[in-house]
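Data block below; observations after.
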Amino acid sequence: MHEMKRRTLMLGGLSVLGGCSAISTLNDATKPLNTYDLSPASGSNRGGRTSRTLLVARPQAPAALTSDRILIKPDPVSITYLPDARWSDEVPAVVQTLLIRSISGTGRVAYVGRSDAGPIPDRALLTRVDAFEVVTRVDGTLEARIDLELTVINDADQRIVGSRRFAEATPVAGDEVRVIVAAFQTLLNTLLPAMSDWAVRQV
């Protein structure tokens with residue numbers, strides 16, 4: 001009888017410990033992460049202007065990038081995320097917003113907006129995100145990479161007007177989150193004006 005009571009108490013204690021572990025895990029999962037935003041960078045405001053409209057579709061991306069987490073590749077076959085940081089939205093939505101604001105900032109297209117709202121478009125911009133990540137190089141240093149494929153189509157007949165890949169990489173000076181985010185912004189400060197100017201020419 002005493003042995004049975006002892007076992008019951010032990011099992012009860014284990015249940016409590018298991019519950020504490022589950023609560024701890026849940027608390028970690030719901031812990032707010034520091035959020036980081038990226039800024040648009042417009043192309044040139046010089047050159048021809050058009051009365052056409054351009055709608056920017058939500059970019060396609062692999063599952064690992066369809067997230068608001070900052071993706072890290074410690075080696076070619078492994079994927080992880082920065083533990084205490086996130087982007088302001090999922091990567092495809094971040095890229096879509098940056099493209100809209102950067103192209104619109106040129107002032108050379110009558111209307112630039114999202115594909116799920118706005119007028120019937122003359123042109124549509126499709127984007128594929130192939131890389132938006134930090135990789136560890138063979139020498140152990142870090143490198144930020146962005147690789148995007150842009151395609152402009154004529155909305156009326158779905159004809160491809162133009163397609164081009166934009167890719168850049170830059171060393172990251174350390175593993176601090178703000179340094180990593182700054183590296184992404186450095187890449188975008190080069191890529192967004194180039195993508196904006198190219199997209200305007202296709203419209």
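Going through the structure tokens in order, the chains are called A, B, and so on, while each chain numbers its residues from 1 and the ligands are numbered from 1 in the order shown.
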
Which residues come within 12 Å of region 106-123 of chain A, counting only C-alpha atoms, excluding same-chain residues fewer than 5 positions away, as a ChimeraX atom specification? /A:40-59,93,95-101,151-162,192-203

Looking only at the backbone, which of the residues in region 3-185 of chain A does DSSP tag as strand (DSSP E or B), as a PyMOL selection string? chain A and resi 34-36+50-56+60+69-75+78-87+109-114+123-136+142-154+159-172

Ranking A:Glu168, A:Val129, A:Leu148, A:Asp89 by minimum distance to Asn189 (chain A) and counting only C-alpha atoms, which one comes first?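 Answer, going by the shortest atom-to-atom distance: A:Glu168.
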
Best match for closeness to Glu133 (chain A) among A:Asp84, A:Asp37, A:Val91, A:Ser104, counting only C-alpha atoms: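 Ranked by minimum distance to Glu133 (chain A), first place goes to A:Val91.
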
So the first atom is CA of Ser163 (chain A) and the second is CA of Gly105 (chain A); what is the distance between them in Å, to one decimal place? 21.4 Å

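Across A:Val134, A:Ile103, A:Leu82, A:Pro171, the tightest approach to Leu191 (chain A) is made by A:Ile103 when counting only C-alpha atoms.
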
Enumerate as a VMD selection string all residues of region 45-164 of chain A assigned to alpha helix (DSSP H) by DSSP on the backbone, naming them with the chain letters and numbers the document uses. chain A and resid 91 to 104

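The coordinates place CA of Ser88 (chain A) at 21.6 Å from CA of Ala169 (chain A).
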
Grab the CA of Phe166 (chain A) to CA of Asp147 (chain A) distance for me, in Å with one decimal place. 5.9 Å

Give me the residues of region 28-131 of chain A that have any atom at most 12 Å from an atom of region 175-182 of chain A; for each, the nearest atom pair and the distance in Å, rounded to one decimal. Use only C-alpha atoms, sort by chain and number, and format it as a tab-separated table.
```
residue	atom	partner	partner_atom	distance
A:Leu33	CA	A:Val177	CA	11.7
A:Asn34	CA	A:Val177	CA	9.5
A:Thr35	CA	A:Val177	CA	10.3
A:Tyr36	CA	A:Val181	CA	7.4
A:Asp37	CA	A:Val181	CA	8.4
A:Leu38	CA	A:Val181	CA	8.0
A:Ser39	CA	A:Ala182	CA	10.5
A:Arg69	CA	A:Val181	CA	11.9
A:Ile70	CA	A:Val181	CA	8.9
A:Leu71	CA	A:Ile180	CA	10.8
A:Ile72	CA	A:Ile180	CA	10.3
A:Pro74	CA	A:Asp175	CA	12.0
A:Tyr81	CA	A:Val177	CA	11.3
A:Leu82	CA	A:Val177	CA	7.9
A:Pro83	CA	A:Val177	CA	9.8
A:Asp84	CA	A:Val177	CA	8.5
A:Ala85	CA	A:Val177	CA	7.3
A:Arg86	CA	A:Val177	CA	9.7
A:Trp87	CA	A:Val181	CA	9.2
A:Ser88	CA	A:Val181	CA	11.8
```

Preceding selection exported with C-alpha atoms as a short mmCIF file (atom, residue, chain, number, x, y, z; two decimals), in the first residue's frame:
```cif
data_model
loop_
_atom_site.label_atom_id
_atom_site.label_comp_id
_atom_site.auth_asym_id
_atom_site.auth_seq_id
_atom_site.Cartn_x
_atom_site.Cartn_y
_atom_site.Cartn_z
CA LEU A 33 10.92 39.06 -31.07
CA ASN A 34 12.69 42.27 -32.01
CA THR A 35 11.26 43.44 -35.33
CA TYR A 36 13.33 45.00 -38.09
CA ASP A 37 12.15 46.97 -41.11
CA LEU A 38 13.84 47.68 -44.44
CA SER A 39 13.58 50.91 -46.40
CA ARG A 69 12.23 35.15 -39.72
CA ILE A 70 15.76 36.12 -40.81
CA LEU A 71 17.16 33.07 -42.56
CA ILE A 72 20.70 31.85 -41.88
CA PRO A 74 25.42 27.80 -41.62
CA TYR A 81 16.86 31.49 -38.25
CA LEU A 82 18.12 34.26 -36.01
CA PRO A 83 16.62 33.40 -32.62
CA ASP A 84 15.66 36.87 -31.36
CA ALA A 85 14.75 38.79 -34.51
CA ARG A 86 12.16 38.95 -37.27
CA TRP A 87 11.31 41.07 -40.30
CA SER A 88 8.27 43.34 -40.16
#
```
